[in-house]
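Asks: target.cif is the file, holding mmCIF, C-alpha atoms and all ligand atoms:
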data_run
#
loop_
_atom_site.label_atom_id
_atom_site.label_comp_id
_atom_site.auth_asym_id
_atom_site.auth_seq_id
_atom_site.Cartn_x
_atom_site.Cartn_y
_atom_site.Cartn_z
CA MET U 671 44.92 -236.64 123.70
CA ASP U 672 47.11 -235.40 126.55
CA TRP U 673 50.83 -236.22 126.55
CA ARG U 674 50.51 -239.01 129.14
CA ARG U 675 48.06 -240.98 126.98
CA LYS U 676 50.10 -240.27 123.86
CA MET U 677 53.22 -241.64 125.52
CA ALA U 678 51.29 -244.69 126.66
CA ALA U 679 49.69 -245.45 123.28
CA GLU U 680 50.58 -249.00 122.36
CA PRO U 681 52.94 -249.43 119.44
CA VAL U 682 51.69 -251.56 116.58
CA PHE U 683 53.59 -254.80 115.96
CA LEU U 684 54.06 -255.87 112.34
CA ARG U 685 55.01 -259.49 111.76
CA ASP U 686 57.46 -260.67 109.12
CA ASP U 687 54.80 -261.74 106.60
CA VAL U 688 52.98 -258.40 106.99
CA VAL U 689 56.21 -256.44 106.50
CA ALA U 690 57.12 -258.55 103.46
CA GLY U 691 53.69 -257.97 101.92
CA PHE U 692 54.06 -254.17 102.20
CA LEU U 693 57.64 -253.85 100.96
CA SER U 694 58.24 -253.77 97.21
CA TYR U 695 61.52 -253.27 95.38
CA ASP U 696 59.86 -250.82 92.98
CA GLU U 697 59.13 -248.40 95.80
CA LEU U 698 62.27 -249.14 97.77
CA ILE U 699 64.87 -248.40 95.09
CA PRO U 700 64.00 -244.72 94.47
CA ARG U 701 63.74 -244.07 98.22
CA LEU U 702 67.17 -245.64 98.80
CA GLU U 703 68.71 -243.65 95.94
CA GLU U 704 67.30 -240.46 97.39
CA ILE U 705 68.53 -241.09 100.95
CA LEU U 706 72.00 -242.31 99.91
CA GLY U 707 72.40 -239.14 97.84
CA LYS U 708 71.31 -236.89 100.69
CA PHE U 709 73.58 -238.71 103.17
CA SER U 710 76.64 -238.18 100.96
CA ARG U 711 76.13 -234.50 100.21
CA SER U 712 78.93 -232.40 101.68
CA ASP U 713 76.37 -229.92 103.09
CA ASN U 714 74.26 -232.68 104.68
CA THR U 715 72.80 -231.79 108.06
CA ASP U 716 69.46 -233.48 107.51
CA VAL U 717 70.46 -237.12 107.70
CA VAL U 718 72.00 -238.24 110.97
CA GLN U 719 73.39 -241.71 111.28
CA PRO U 720 76.24 -242.76 113.57
CA VAL U 721 78.30 -245.83 112.73
CA ARG U 722 76.47 -248.77 114.33
CA SER U 723 77.44 -249.97 117.80
CA VAL U 724 78.30 -253.64 117.83
CA ILE U 725 78.43 -256.09 120.71
CA PRO U 726 80.36 -259.26 119.86
CA LEU U 727 78.72 -262.45 121.17
CA HIS U 728 81.79 -264.68 121.05
CA GLN U 729 80.16 -267.38 123.12
CA HIS U 730 77.49 -267.73 120.45
CA ASN U 731 79.58 -267.06 117.34
CA GLY U 732 77.61 -263.94 116.57
CA PHE U 733 77.24 -260.21 117.13
CA MET U 734 74.48 -257.68 117.71
CA GLY U 735 74.39 -254.25 116.12
CA LEU U 736 72.34 -251.17 117.03
CA MET U 737 71.56 -248.97 114.02
CA PRO U 738 69.84 -245.64 114.83
CA ALA U 739 69.02 -243.00 112.21
CA TYR U 740 67.19 -239.68 112.10
CA ILE U 741 66.06 -238.14 108.83
CA ALA U 742 65.19 -234.56 109.74
CA TYR U 743 63.43 -233.47 106.54
CA GLU U 744 60.95 -236.33 107.01
CA ASP U 745 61.04 -236.20 110.82
CA LEU U 746 61.71 -239.94 110.72
CA LEU U 747 63.37 -241.54 113.75
CA CYS U 748 64.21 -245.23 113.60
CA THR U 749 66.47 -247.87 115.13
CA LYS U 750 67.18 -251.41 114.08
CA THR U 751 68.69 -254.06 116.29
CA VAL U 752 70.27 -256.82 114.25
CA ALA U 753 71.97 -259.95 115.43
CA PHE U 754 73.96 -262.09 113.03
CA TYR U 755 75.03 -265.65 113.86
CA ARG U 756 77.22 -267.98 111.89
CA ARG U 757 74.72 -270.78 112.30
CA ASN U 758 75.57 -274.31 111.59
CA GLU U 759 73.79 -274.67 108.24
CA ASN U 760 72.21 -277.93 109.47
CA LEU U 761 70.22 -276.01 112.09
CA HIS U 762 68.24 -274.28 109.31
CA LEU U 763 67.82 -271.21 111.50
CA PRO U 764 68.04 -267.74 109.97
CA SER U 765 71.44 -266.15 110.61
CA THR U 766 69.88 -262.68 110.83
CA GLN U 767 67.49 -261.69 113.62
CA ALA U 768 66.38 -258.10 113.22
CA THR U 769 63.78 -255.80 114.77
CA VAL U 770 62.98 -252.29 113.59
CA PHE U 771 61.56 -249.62 115.90
CA LEU U 772 59.86 -246.49 114.55
CA PHE U 773 59.53 -243.61 117.01
CA ASN U 774 57.51 -240.47 117.40
CA PRO U 775 60.42 -237.99 117.24
CA ALA U 776 58.49 -235.35 119.18
CA CYS U 777 58.21 -237.48 122.34
CA GLY U 778 60.50 -240.44 121.77
CA ASN U 779 57.73 -243.02 122.19
CA VAL U 780 57.69 -246.10 119.98
CA ILE U 781 54.92 -246.09 117.38
CA ALA U 782 55.75 -249.32 115.57
CA VAL U 783 57.83 -252.42 116.12
CA MET U 784 58.39 -254.56 113.06
CA ASP U 785 60.20 -257.72 112.22
CA GLY U 786 63.35 -256.58 110.43
CA ALA U 787 64.37 -259.67 108.49
CA ASP U 788 62.65 -258.86 105.20
CA ILE U 789 63.67 -255.21 105.45
CA THR U 790 67.30 -256.29 105.92
CA PHE U 791 67.23 -258.75 103.00
CA LYS U 792 65.43 -256.46 100.54
CA ARG U 793 67.13 -253.15 101.29
CA THR U 794 70.59 -254.75 101.15
CA ALA U 795 69.86 -256.38 97.78
CA ALA U 796 68.30 -253.16 96.49
CA VAL U 797 71.43 -251.16 97.39
CA SER U 798 73.61 -253.75 95.61
CA ALA U 799 71.33 -253.38 92.58
CA ILE U 800 71.80 -249.60 92.71
CA SER U 801 75.58 -250.14 92.73
CA ALA U 802 75.25 -252.44 89.72
CA LYS U 803 73.09 -249.92 87.84
CA LEU U 804 75.85 -247.37 88.28
CA LEU U 805 78.99 -249.50 88.03
CA MET U 806 78.56 -252.77 86.17
CA PRO U 807 79.86 -253.02 82.59
CA ALA U 808 77.41 -251.89 79.91
CA GLN U 809 77.01 -255.34 78.32
CA ALA U 810 76.82 -257.49 81.46
CA GLU U 811 75.80 -261.03 80.51
CA ILE U 812 76.96 -263.25 83.34
CA LEU U 813 76.01 -262.82 86.99
CA CYS U 814 77.72 -264.95 89.64
CA ILE U 815 76.59 -265.19 93.27
CA LEU U 816 79.02 -266.60 95.87
CA GLY U 817 77.19 -267.75 99.00
CA CYS U 818 73.68 -269.21 98.88
CA GLY U 819 71.97 -268.04 102.07
CA HIS U 820 69.21 -265.49 102.73
CA GLN U 821 70.92 -262.53 101.12
CA ALA U 822 71.64 -264.61 98.03
CA VAL U 823 67.90 -265.16 97.59
CA SER U 824 66.98 -261.45 97.80
CA HIS U 825 69.91 -260.53 95.55
CA TYR U 826 68.83 -263.13 92.98
CA GLU U 827 65.25 -261.82 93.09
CA ILE U 828 66.10 -258.21 92.42
CA PHE U 829 68.98 -258.72 90.01
CA THR U 830 66.94 -261.00 87.77
CA LYS U 831 63.96 -258.65 88.07
CA ILE U 832 65.67 -255.46 86.95
CA PHE U 833 68.49 -256.73 84.70
CA SER U 834 68.55 -259.44 82.08
CA PHE U 835 71.50 -261.82 82.19
CA LYS U 836 72.26 -264.66 79.82
CA GLU U 837 73.49 -266.76 82.69
CA VAL U 838 73.23 -266.75 86.48
CA ARG U 839 75.75 -268.88 88.37
CA VAL U 840 75.91 -269.76 92.04
CA CYS U 841 78.45 -271.41 94.30
CA SER U 842 78.40 -271.92 98.05
CA ARG U 843 80.72 -273.50 100.56
CA ARG U 844 78.71 -276.69 100.31
CA LEU U 845 77.27 -278.01 97.06
CA GLU U 846 73.96 -279.05 98.69
CA THR U 847 73.33 -275.45 99.79
CA ALA U 848 73.79 -274.19 96.23
CA GLU U 849 71.55 -276.96 94.89
CA ARG U 850 68.86 -276.12 97.45
CA PHE U 851 69.10 -272.48 96.42
CA ALA U 852 68.69 -273.38 92.73
CA ALA U 853 65.59 -275.44 93.54
CA ARG U 854 64.11 -272.62 95.63
CA VAL U 855 64.42 -269.59 93.34
CA GLN U 856 62.24 -268.99 90.31
CA GLY U 857 64.41 -268.95 87.22
CA PRO U 858 67.42 -270.67 85.73
CA VAL U 859 70.62 -271.02 87.76
CA LYS U 860 73.84 -272.92 87.05
CA VAL U 861 75.31 -274.52 90.17
CA PHE U 862 79.10 -274.68 90.48
CA SER U 863 81.20 -276.58 92.99
CA SER U 864 84.26 -274.39 92.40
CA ALA U 865 84.18 -270.63 93.08
CA LYS U 866 87.06 -270.12 90.64
CA GLU U 867 85.10 -271.74 87.81
CA ALA U 868 81.89 -269.97 88.79
CA VAL U 869 83.42 -266.48 88.54
CA HIS U 870 85.38 -267.17 85.35
CA GLY U 871 84.21 -264.61 82.75
CA ALA U 872 81.50 -263.17 85.04
CA ASP U 873 80.63 -259.49 84.49
CA ILE U 874 79.15 -259.05 87.92
CA ILE U 875 79.94 -260.98 91.07
CA ILE U 876 78.00 -260.74 94.32
CA THR U 877 79.68 -262.05 97.46
CA VAL U 878 77.09 -262.82 100.15
CA THR U 879 78.95 -265.23 102.40
CA ASN U 880 79.51 -265.37 106.13
CA SER U 881 83.18 -266.13 105.56
CA SER U 882 85.98 -264.45 107.48
CA GLN U 883 88.57 -265.48 104.87
CA PRO U 884 88.72 -264.33 101.22
CA VAL U 885 86.38 -266.24 98.91
CA LEU U 886 87.11 -264.17 95.78
CA PHE U 887 90.60 -263.65 94.35
CA GLY U 888 91.71 -260.91 91.98
CA GLU U 889 93.39 -263.33 89.60
CA TRP U 890 90.02 -265.01 88.92
CA VAL U 891 88.16 -261.80 88.10
CA LYS U 892 87.54 -260.56 84.56
CA PRO U 893 89.00 -257.04 84.13
CA GLY U 894 86.18 -254.48 84.18
CA ALA U 895 83.85 -256.67 86.25
CA HIS U 896 81.79 -255.19 89.07
CA ILE U 897 81.76 -256.82 92.51
CA ALA U 898 79.10 -256.18 95.14
CA ALA U 899 80.78 -257.36 98.35
CA VAL U 900 78.04 -257.73 100.94
CA GLY U 901 79.50 -260.04 103.63
CA ALA U 902 82.65 -259.39 105.71
CA CYS U 903 81.04 -256.68 107.83
CA ARG U 904 83.49 -256.99 110.70
CA PRO U 905 87.03 -255.55 110.81
CA ASP U 906 88.52 -259.04 111.14
CA TRP U 907 86.44 -260.62 108.34
CA ARG U 908 87.40 -260.77 104.68
CA GLU U 909 85.68 -261.83 101.46
CA LEU U 910 88.03 -260.33 98.87
CA ASP U 911 91.80 -260.88 98.63
CA ASP U 912 94.48 -258.18 98.75
CA ALA U 913 95.11 -258.25 94.97
CA LEU U 914 91.46 -257.59 94.13
CA MET U 915 91.19 -254.80 96.70
CA ARG U 916 94.37 -253.16 95.39
CA ASP U 917 93.45 -253.42 91.68
CA ALA U 918 89.83 -252.34 91.88
CA VAL U 919 88.24 -248.92 92.32
CA ILE U 920 86.54 -249.04 95.72
CA TYR U 921 83.05 -247.66 96.38
CA VAL U 922 81.27 -247.88 99.76
CA ASP U 923 77.91 -247.01 101.28
CA SER U 924 79.49 -244.96 104.10
CA ARG U 925 83.15 -243.93 104.40
CA HIS U 926 82.86 -243.76 108.20
CA GLY U 927 81.32 -247.21 108.41
CA ALA U 928 83.96 -248.65 106.08
CA ALA U 929 86.80 -247.22 108.14
CA VAL U 930 85.47 -248.91 111.29
CA GLU U 931 83.93 -252.17 110.02
CA ALA U 932 85.13 -253.28 106.57
CA GLY U 933 87.91 -255.87 107.02
CA ASP U 934 88.60 -255.85 103.28
CA ILE U 935 89.36 -252.12 103.41
CA ILE U 936 90.94 -251.84 106.86
CA GLN U 937 93.30 -254.79 106.43
CA THR U 938 94.51 -253.75 102.97
CA GLY U 939 94.66 -250.02 103.70
CA VAL U 940 93.21 -249.19 100.27
CA GLU U 941 91.64 -245.84 99.59
CA VAL U 942 87.92 -245.46 99.16
CA PHE U 943 87.19 -243.73 95.84
CA ALA U 944 83.60 -242.73 96.53
CA GLU U 945 80.40 -243.33 98.42
CA LEU U 946 77.53 -244.60 96.30
CA GLY U 947 75.60 -241.47 97.27
CA GLU U 948 78.35 -239.26 95.83
CA VAL U 949 77.93 -241.01 92.49
CA LEU U 950 74.16 -240.65 92.73
CA VAL U 951 74.40 -236.87 93.23
CA GLY U 952 77.16 -236.50 90.64
CA THR U 953 80.04 -235.35 92.85
CA ARG U 954 82.13 -238.48 92.08
CA PRO U 955 82.19 -240.45 88.82
CA ALA U 956 81.05 -244.02 88.12
CA LEU U 957 84.12 -245.67 86.57
CA ARG U 958 82.23 -248.41 84.72
CA ASN U 959 85.15 -249.36 82.51
CA LYS U 960 87.36 -250.28 85.48
CA THR U 961 87.11 -253.22 87.81
CA THR U 962 84.94 -251.87 90.62
CA VAL U 963 84.10 -253.10 94.11
CA PHE U 964 81.09 -251.84 96.04
CA LYS U 965 81.81 -252.67 99.68
CA SER U 966 78.42 -252.79 101.35
CA LEU U 967 77.99 -252.71 105.13
CA GLY U 968 74.38 -251.68 105.57
CA MET U 969 73.07 -248.42 107.04
CA GLY U 970 70.37 -247.40 109.51
CA ILE U 971 69.00 -244.85 107.03
CA GLN U 972 68.28 -247.69 104.60
CA ASP U 973 66.22 -249.45 107.27
CA ALA U 974 64.48 -246.20 108.18
CA VAL U 975 63.17 -245.47 104.67
CA ALA U 976 62.14 -249.10 104.22
CA ALA U 977 60.31 -249.10 107.57
CA LYS U 978 58.49 -245.88 106.68
CA LEU U 979 57.27 -247.40 103.41
CA VAL U 980 55.95 -250.40 105.35
CA PHE U 981 54.35 -248.31 108.10
CA ASP U 982 52.64 -245.91 105.68
CA LYS U 983 51.23 -248.82 103.66
CA TRP U 984 50.03 -250.56 106.80
CA LYS U 985 48.38 -247.33 108.03
CA SER U 986 46.53 -246.77 104.80
CA SER U 987 45.33 -250.39 104.90
CA GLN U 988 43.61 -249.81 108.28
N1 LIG P 1001 76.01 -255.33 103.74
C1 LIG P 1001 74.87 -255.43 104.36
O1 LIG P 1001 74.06 -254.50 104.36
C2 LIG P 1001 74.52 -256.71 105.05
C3 LIG P 1001 75.42 -257.73 105.10
N2 LIG P 1001 75.11 -258.92 105.68
C4 LIG P 1001 76.13 -259.94 105.63
O2 LIG P 1001 75.88 -260.73 104.47
C5 LIG P 1001 76.39 -262.04 104.65
C6 LIG P 1001 75.36 -263.06 104.24
O3 LIG P 1001 74.20 -262.96 105.04
P1 LIG P 1001 73.04 -264.08 104.97
O4 LIG P 1001 72.79 -264.46 103.57
O5 LIG P 1001 71.93 -263.60 105.81
O6 LIG P 1001 73.79 -265.28 105.70
P2 LIG P 1001 73.48 -266.84 105.58
O7 LIG P 1001 74.07 -267.47 106.77
O8 LIG P 1001 72.04 -267.04 105.28
O9 LIG P 1001 74.32 -267.29 104.28
C7 LIG P 1001 75.70 -267.30 104.23
C8 LIG P 1001 76.12 -268.22 103.10
O10 LIG P 1001 77.52 -268.08 102.87
C9 LIG P 1001 78.00 -269.38 102.52
N3 LIG P 1001 79.45 -269.44 102.65
C10 LIG P 1001 80.20 -269.40 103.76
N4 LIG P 1001 81.51 -269.49 103.46
C11 LIG P 1001 81.58 -269.56 102.11
C12 LIG P 1001 82.64 -269.68 101.19
N5 LIG P 1001 83.90 -269.73 101.61
N6 LIG P 1001 82.36 -269.73 99.86
C13 LIG P 1001 81.09 -269.69 99.43
N7 LIG P 1001 80.02 -269.58 100.26
C14 LIG P 1001 80.27 -269.53 101.58
C15 LIG P 1001 77.25 -270.30 103.47
O11 LIG P 1001 77.31 -271.61 103.03
C16 LIG P 1001 75.85 -269.69 103.37
O12 LIG P 1001 75.16 -270.23 102.26
C17 LIG P 1001 76.82 -262.12 106.12
O13 LIG P 1001 78.21 -261.95 106.21
C18 LIG P 1001 76.13 -260.93 106.76
O14 LIG P 1001 76.86 -260.44 107.86
C19 LIG P 1001 73.87 -259.15 106.21
C20 LIG P 1001 72.94 -258.15 106.21
C21 LIG P 1001 73.17 -256.85 105.64
O1 LIG P 1002 73.12 -253.71 107.83
C1 LIG P 1002 72.75 -254.73 108.43
O2 LIG P 1002 71.60 -254.92 108.76
C2 LIG P 1002 73.77 -255.75 108.73
N1 LIG P 1002 74.95 -255.54 108.32
C3 LIG P 1002 76.06 -256.37 108.59
C4 LIG P 1002 75.71 -257.68 109.14
C5 LIG P 1002 74.52 -257.73 109.97
C6 LIG P 1002 73.38 -256.93 109.46
#
Spit out the file's structure as structure tokens when you get a sec.
Replies:
Amino acid sequence: MDWRRKMAAEPVFLRDDVVAGFLSYDELIPRLEEILGKFSRSDNTDVVQPVRSVIPLHQHNGFMGLMPAYIAYEDLLCTKTVAFYRRNENLHLPSTQATVFLFNPACGNVIAVMDGADITFKRTAAVSAISAKLLMPAQAEILCILGCGHQAVSHYEIFTKIFSFKEVRVCSRRLETAERFAARVQGPVKVFSSAKEAVHGADIIITVTNSSQPVLFGEWVKPGAHIAAVGACRPDWRELDDALMRDAVIYVDSRHGAAVEAGDIIQTGVEVFAELGEVLVGTRPALRNKTTVFKSLGMGIQDAVAAKLVFDKWKSSQ
């Protein structure tokens, strides 16, 4: 094939249900652990990922992010575009609209375009689960999820799959949303109408809201608990209050990303203790006995390894 035909070869398009069918947590978790570790190594030159570019869409109460990544040792070039809207819950439209592009790094042509919703839900939940494996207290019995949207579902799926909790609690801004969530997921859930009551005594708390104001307060949190803070991905958004941010040991996925995007970190001026990848490669410790916060923002490299898993599976199915 000459280069003109190669450039013109049509990319494959993989729909959401196809992507979902090819993406399993069992395969995703080790790949994410590997890439987070490589990203955080001080001698890393192999994993290139700028902080995402974001265009605010004020008129539509949303934003769009562009998330490119290149993983040299796998010659894997990928970009995700992701738009996030604070939808009126009554519209029942997904808040996240994502598309992942895989490229041929030698020529820059697109080889696959895939719906990015399932990749975004699963890889985010899988990274939170990795943080919990490393940082949650040894005898964690109670899991509490604040926010009952799409990310709450994927987080529930993976947390109940790989850990065993005595109790799983949920609370959302509106009681009906939490009740709908409880009816949708497979497994027992206790629905709370008060976030303060829901987090009381919880060993691990996941915040997956679209709130721009704190939803979790330090005075409610059991000392030694682990918090995976997944929402508040804009510098002017918050999920956690100042007291919690000041009292906890703060872990992030990317220090650079956190310095630009994490309202909870930027507005409190707290120091980041470690990247998750540094803990994975052993250059920073996991302080399990302290109250810990993992501030998640999401990374292009996470999408890239997930997209490669999907593409390889699709290819071998042809
Ligand atoms: N860290 C990461 O890698 C990623 C983070 N996100 C962020 O995660 C968050 C959740 O995303 P989705 O689940 O897709 O959104 P969604 O719109 O499906 O769900 C958001 C939920 O938060 C609830 N909520 C809002 N204010 C609340 C409050 N004060 N207390 C309790 N619940 C409240 C809403 O009722 C809704 O159930 C968003 O902020 C999004 O930007 C999304 C993708 C990746
Ligand atoms: O990593 C992602 O994907 C996202 N992070 C923040 C909010 C939108 C999607």
Asks: Counting only C-alpha atoms and all ligand atoms, what residues are within 6 Å of ligand LIG 1001 (chain P), given as a PyMOL selection string?
Replies: chain U and resi 765-766+790+794+816-822+842-844+878-881+885+900-903+966-968
Asks: Enumerate residues in contact with ligand LIG 1002 (chain P): an atom-to-atom distance of at most 10 Å, counting only C-alpha atoms and all ligand atoms. Format the result as a PyMOL selection string.
Replies: chain U and resi 722+724+732-737+750-755+765-769+786-787+789-791+793-794+880+900-904+931-932+966-973
Asks: Of the candidates U:Phe981, U:Phe862, U:Phe709, U:Phe773, which shows the shortest atom-to-atom distance to Ala679 of chain U, using all atoms listed in the file?
Replies: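 Checking each of U:Phe981, U:Phe862, U:Phe709, U:Phe773 against Ala679 of chain U, counting all atoms listed in the file, the winner is U:Phe773.
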Asks: Name the residues in contact with Ala739 of chain U at a cut-off of 8 Å, using all atoms listed in the file, excluding same-chain residues fewer than 5 positions from it; report them as an mmCIF file with C-alpha atoms, in the frame of the given file.
Replies:
data_model
loop_
_atom_site.group_PDB
_atom_site.id
_atom_site.type_symbol
_atom_site.label_atom_id
_atom_site.label_comp_id
_atom_site.auth_asym_id
_atom_site.auth_seq_id
_atom_site.Cartn_x
_atom_site.Cartn_y
_atom_site.Cartn_z
ATOM 1 C CA VAL U 717 70.460 -237.120 107.700
ATOM 2 C CA VAL U 718 72.000 -238.240 110.970
ATOM 3 C CA GLN U 719 73.390 -241.710 111.280
ATOM 4 C CA PRO U 720 76.240 -242.760 113.570
ATOM 5 C CA LEU U 747 63.370 -241.540 113.750
ATOM 6 C CA CYS U 748 64.210 -245.230 113.600
ATOM 7 C CA THR U 749 66.470 -247.870 115.130
ATOM 8 C CA GLY U 970 70.370 -247.400 109.510
ATOM 9 C CA ILE U 971 69.000 -244.850 107.030
ATOM 10 C CA ALA U 974 64.480 -246.200 108.180
#
Asks: As an exercise, work out the distance from atom CA of Asp745 of chain U to atom CA of Val980 of chain U in Å and give it to one decimal place.
Replies: 16.0 Å
Asks: Would you mind telling me which residue in U:Leu706, U:Cys777, U:Leu813, U:Ala795 lies nearest to Leu950 of chain U when using only C-alpha atoms?
Replies: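 Of the candidates, the smallest distance to Leu950 of chain U is held by U:Leu706.
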Asks: Which residues, written as a list in words, have at least one atom at most 10 Å from Asp696 of chain U, with all atoms listed in the file counted and residues fewer than 3 positions away on the same chain left out?
Replies: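 That gives Leu693, Ile699, Pro700, Arg701, Ala796, Ile828 and Ile832 of chain U.
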Asks: One number please: atom CA of Val869 of chain U to atom CA of Val891 of chain U, in Å, one decimal.
Replies: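 Calculated distance between atom CA of Val869 of chain U and atom CA of Val891 of chain U is 6.7 Å.
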Asks: Kindly indicate which residue among U:Phe851, U:Tyr695, U:Phe964, U:Phe835 lies nearest to Ile897 of chain U, using all atoms listed in the file for the distances.
Replies: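 Between U:Phe851, U:Tyr695, U:Phe964, U:Phe835, the residue approaching Ile897 of chain U most closely is U:Phe964.
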